[in-house]
Amino acid sequence: MKIVLQYLSSRRVKAYTLLFVLVFPIGYLVGSFGPRVNQEEDFTTQSCTDPDNPPEHVFCKAGDQLQWEGILRGVDEMNQCFMLTNRVLHNHPGEAGIDRDVEYIVTMYGQERLGGKWRPVLTNDRHKRRIICEKGERECHDVTLIQETYVPYSSYRVNVQMPDASSFVGDVKFSFAYIRDNFTLMELCVKYLLIILVVAIIIVFLRSLQRFHLRDWLNEQVWIAWMLFALFLFDDPFFIVSVVSEGWFLPFLATLLQVTFLALVLFFWLLMLESLRMGSDVKQFSFSTFYVPKLLLCGLIWTTSIVLLTYSRLQQVHDPAYASASNYFGSFMSDFYSPAPACKLVGVGPDLPILRALMGILFGVYCFWFGYLVVRGLEDMGNRVGGTRCFKHFLFTTLATLAFITVGIILRHARPDKQDHKAAGFLSYYFLLNAYIIQLACFYRPSP
């Protein structure tokens with residue numbers, strides 16, 4: 001079966017490939033003019049000079065006992081989630097830096113409507129948080145105290161105590177952060193436009209293969225068909241339901257589907273690289289020798305990610321103060337499905353070091369295997385199928401996708417104070433992954 005990629009002229013293939021390469025920067029540029037992702041409300045510290053008529057946001061300090069009470073109003077389901085952080089101001093910044101655990105006692109109440117009854121969400125929840133202050137810096141690193149990944153109430157009242165704060169703690173700045181409703185609206189429009197596009201591509205791709213029996217399909221066409229259905233789920237068709245309904249399950253399901261898609265992408269890359277490199281020789285391998293090793297590796301990556309996510313989610317459901325910024329599992333996948341700092345869903349505490357180490361080992365093995373297939377493919381460029389247009393095109397687009405992903409992640413971690421304040425990260429990643437699978441489906445259709 002001859003495919004479109006083999007039928008087109010080299011000039012047209014290069015033009016279409018260039019268009020794909022421009023998707024990421026175009027998405028980033030368009031997103032940079034979009035709405036801000038986060039709305040942040042910062043509260044300066046105040047003394048309790050009038051205990052009979054305290055302000056709405058008040059900070060008190062008496063010796064080593066510190067206490068703060070604040071209220072967040074006017075949020076709803078369109079804000080998706082919110083997070084409370086604090087930043088300790090060092091009393092003596094000229095002294096040595098500080099790196100120590102400080103105990104926090106957090107109490108939080110929710111109110112469904114103004115004037116309604118305050119319902120307890122957290123009651124005297126005790127947690128240790130690590131305070132890190134660089135030498136010479138007055139402001140310490142941010143510490144996450146509360147993270148709610150859905151917003152069932154319109155108002156929240158929070159009381160924070162630091163019973164054992166020592167003399168190094170001067171003032172403390174508190175900040176509420178949540179997703180802006182106009183970003184949620186933009187996210188909704190983008191996701192459903194992409195879903196409509198993917199459904200159209202699925203229909204066109206499958207109709208073009210109707211005249212062939214399934215056993216006559218190329219291996220690559222079968223895998224691309226599965227990836228199109230996985231892409232449909234990655235784009236989150238349940239997003240609108242998760243926004244307007246209460247509960248944690250649908251947002252968690254969306255995260256699981258995204259992790260599953262990214263694990264399938266890893267599996268898909270190994271299949272395509274080896275299949276295109278070997279050509280018809282791949283048919284000599286049995287299912288156990290060709291598929292099982294790749295399934296085992298990518299399945300372990302997927303399983304480990306799901307266990308970490310499930311453990312984190314269960315902890316957050318029972319305790320919104322569970323996750324902290326210092327405990328995020330900084331995996332390859334977590335940088336994709338966290339469109340905003342206020343809505344990070346992966347909080348893996350220090351009680352799962354073995355799984356975190358296992359994930360690092362698995363990714364190391366995958367990178368070695370991926371690199372081996374790329375090198376072998378480049379060595380075969382001058383003979384057999386290894387030198388064909390199909391292998392060159394797939395290798396180039398895959399490496400371009402990886403390069404864009406790597407650059408995005410590096411920039412994100414290099415500038416943590418600036419990350420995701422615009423919709424650029426969300427749009428560029430979603431456009432890139434959708435364009436990657438869609439262009440493969442267009443090129444691997446049977447030629448007319």
# chains A, B, ... in the order shown; residues from 1 in each chain; ligands from 1
>>> residues_around(residues="region 22-25 of chain A", least_positions_apart="2", cutoff="8 Å", atoms="only C-alpha atoms", output="list in words")
Leu18, Leu19, Phe20, Gly27, Tyr28, Leu29, Phe404, Ser428, Tyr429, Phe431, Leu432 and Ala435 of chain A
>>> write_last_selection(atoms="N, CA, C and O atoms", output="JSON list (two decimals), in the first residue's frame")
[["chain", "number", "residue", "atom", "x", "y", "z"],
["A", 18, "LEU", "N", 7.56, 22.03, 7.67],
["A", 18, "LEU", "CA", 7.86, 23.36, 8.19],
["A", 18, "LEU", "C", 6.65, 23.96, 8.89],
["A", 18, "LEU", "O", 6.77, 24.59, 9.96],
["A", 19, "LEU", "N", 5.47, 23.74, 8.32],
["A", 19, "LEU", "CA", 4.24, 24.21, 8.94],
["A", 19, "LEU", "C", 4.04, 23.57, 10.30],
["A", 19, "LEU", "O", 3.64, 24.24, 11.28],
["A", 20, "PHE", "N", 4.35, 22.28, 10.42],
["A", 20, "PHE", "CA", 4.25, 21.60, 11.71],
["A", 20, "PHE", "C", 5.23, 22.19, 12.71],
["A", 20, "PHE", "O", 4.89, 22.42, 13.88],
["A", 27, "GLY", "N", 1.67, 28.75, 18.63],
["A", 27, "GLY", "CA", 0.84, 28.56, 19.82],
["A", 27, "GLY", "C", 1.35, 29.37, 21.00],
["A", 27, "GLY", "O", 0.57, 29.96, 21.75],
["A", 28, "TYR", "N", 2.66, 29.41, 21.15],
["A", 28, "TYR", "CA", 3.25, 30.18, 22.26],
["A", 28, "TYR", "C", 2.99, 31.67, 22.06],
["A", 28, "TYR", "O", 2.65, 32.39, 23.01],
["A", 29, "LEU", "N", 3.13, 32.14, 20.81],
["A", 29, "LEU", "CA", 2.92, 33.56, 20.53],
["A", 29, "LEU", "C", 1.47, 33.96, 20.75],
["A", 29, "LEU", "O", 1.18, 34.99, 21.38],
["A", 404, "PHE", "N", 11.09, 20.79, 21.32],
["A", 404, "PHE", "CA", 10.18, 21.82, 21.81],
["A", 404, "PHE", "C", 9.74, 21.53, 23.25],
["A", 404, "PHE", "O", 9.66, 22.45, 24.09],
["A", 428, "SER", "N", 0.69, 26.13, 23.50],
["A", 428, "SER", "CA", 1.80, 25.58, 22.72],
["A", 428, "SER", "C", 1.89, 24.07, 22.88],
["A", 428, "SER", "O", 2.08, 23.34, 21.89],
["A", 429, "TYR", "N", 1.73, 23.54, 24.10],
["A", 429, "TYR", "CA", 1.81, 22.10, 24.31],
["A", 429, "TYR", "C", 0.63, 21.38, 23.66],
["A", 429, "TYR", "O", 0.79, 20.34, 23.02],
["A", 431, "PHE", "N", -1.34, 22.44, 21.18],
["A", 431, "PHE", "CA", -1.22, 22.54, 19.72],
["A", 431, "PHE", "C", -0.15, 21.60, 19.20],
["A", 431, "PHE", "O", -0.34, 20.93, 18.17],
["A", 432, "LEU", "N", 0.99, 21.51, 19.90],
["A", 432, "LEU", "CA", 2.10, 20.67, 19.44],
["A", 432, "LEU", "C", 1.70, 19.20, 19.40],
["A", 432, "LEU", "O", 1.90, 18.52, 18.38],
["A", 435, "ALA", "N", -0.99, 18.58, 16.75],
["A", 435, "ALA", "CA", -0.43, 18.69, 15.39],
["A", 435, "ALA", "C", 0.46, 17.51, 15.06],
["A", 435, "ALA", "O", 0.49, 17.04, 13.91]]
>>> select_by_dssp(residues="region 131-265 of chain A", states="strand (DSSP E)", output="MDAnalysis selection string")
chainID A and resid 131:133 143:148 155:162 169:179
>>> select_by_dssp(residues="region 47-252 of chain A", states="helix (DSSP H, G or I)", output="PyMOL selection string")
chain A and resi 77-79+181-208+214-216+219-234+239-244+249-252
>>> atom_distance(atom1="CA of Gln161 (chain A)", atom2="CA of Leu66 (chain A)")
5.6 Å
>>> atom_distance(atom1="CA of Thr406 (chain A)", atom2="CA of Leu355 (chain A)")
23.2 Å
>>> residues_around(residues="Glu220 (chain A)", least_positions_apart="5", cutoff="8 Å", atoms="only C-alpha atoms", output="PDB file with N, CA, C and O atoms, in the first residue's frame")
ATOM      1  N   MET A 272       7.366   2.804  16.198  1.00  0.00           N
ATOM      2  CA  MET A 272       7.578   3.424  14.897  1.00  0.00           C
ATOM      3  C   MET A 272       9.048   3.436  14.510  1.00  0.00           C
ATOM      4  O   MET A 272       9.401   3.151  13.348  1.00  0.00           O
ATOM      5  N   SER A 275       9.995  -0.182  13.628  1.00  0.00           N
ATOM      6  CA  SER A 275       9.281  -0.676  12.455  1.00  0.00           C
ATOM      7  C   SER A 275       9.788  -0.001  11.172  1.00  0.00           C
ATOM      8  O   SER A 275      10.031  -0.673  10.160  1.00  0.00           O
ATOM      9  N   TYR A 444       0.127   9.339   6.521  1.00  0.00           N
ATOM     10  CA  TYR A 444       0.071   7.887   6.412  1.00  0.00           C
ATOM     11  C   TYR A 444      -1.275   7.388   5.881  1.00  0.00           C
ATOM     12  O   TYR A 444      -1.540   6.186   5.930  1.00  0.00           O
TER      13      TYR A 444
END
>>> residues_around(residues="Asp42 (chain A)", least_positions_apart="3", cutoff="7 Å", atoms="only C-alpha atoms", output="count of residues only")
3
>>> residues_around(residues="Phe33 (chain A)", least_positions_apart="3", cutoff="10 Å", atoms="only C-alpha atoms", output="PyMOL selection string")
chain A and resi 28-30+36+422-424
>>> atom_distance(atom1="CA of Gln258 (chain A)", atom2="CA of Thr310 (chain A)")
13.8 Å
>>> closest_residue(among="A:Ser10, A:Leu276, A:Leu214, A:Leu296", to="Cys390 (chain A)", atoms="only C-alpha atoms")
A:Leu276
>>> residues_around(residues="Asn182 (chain A)", least_positions_apart="2", cutoff="9 Å", atoms="only C-alpha atoms", output="MDAnalysis selection string")
chainID A and resid 35:37 78:79 179:180 184:187
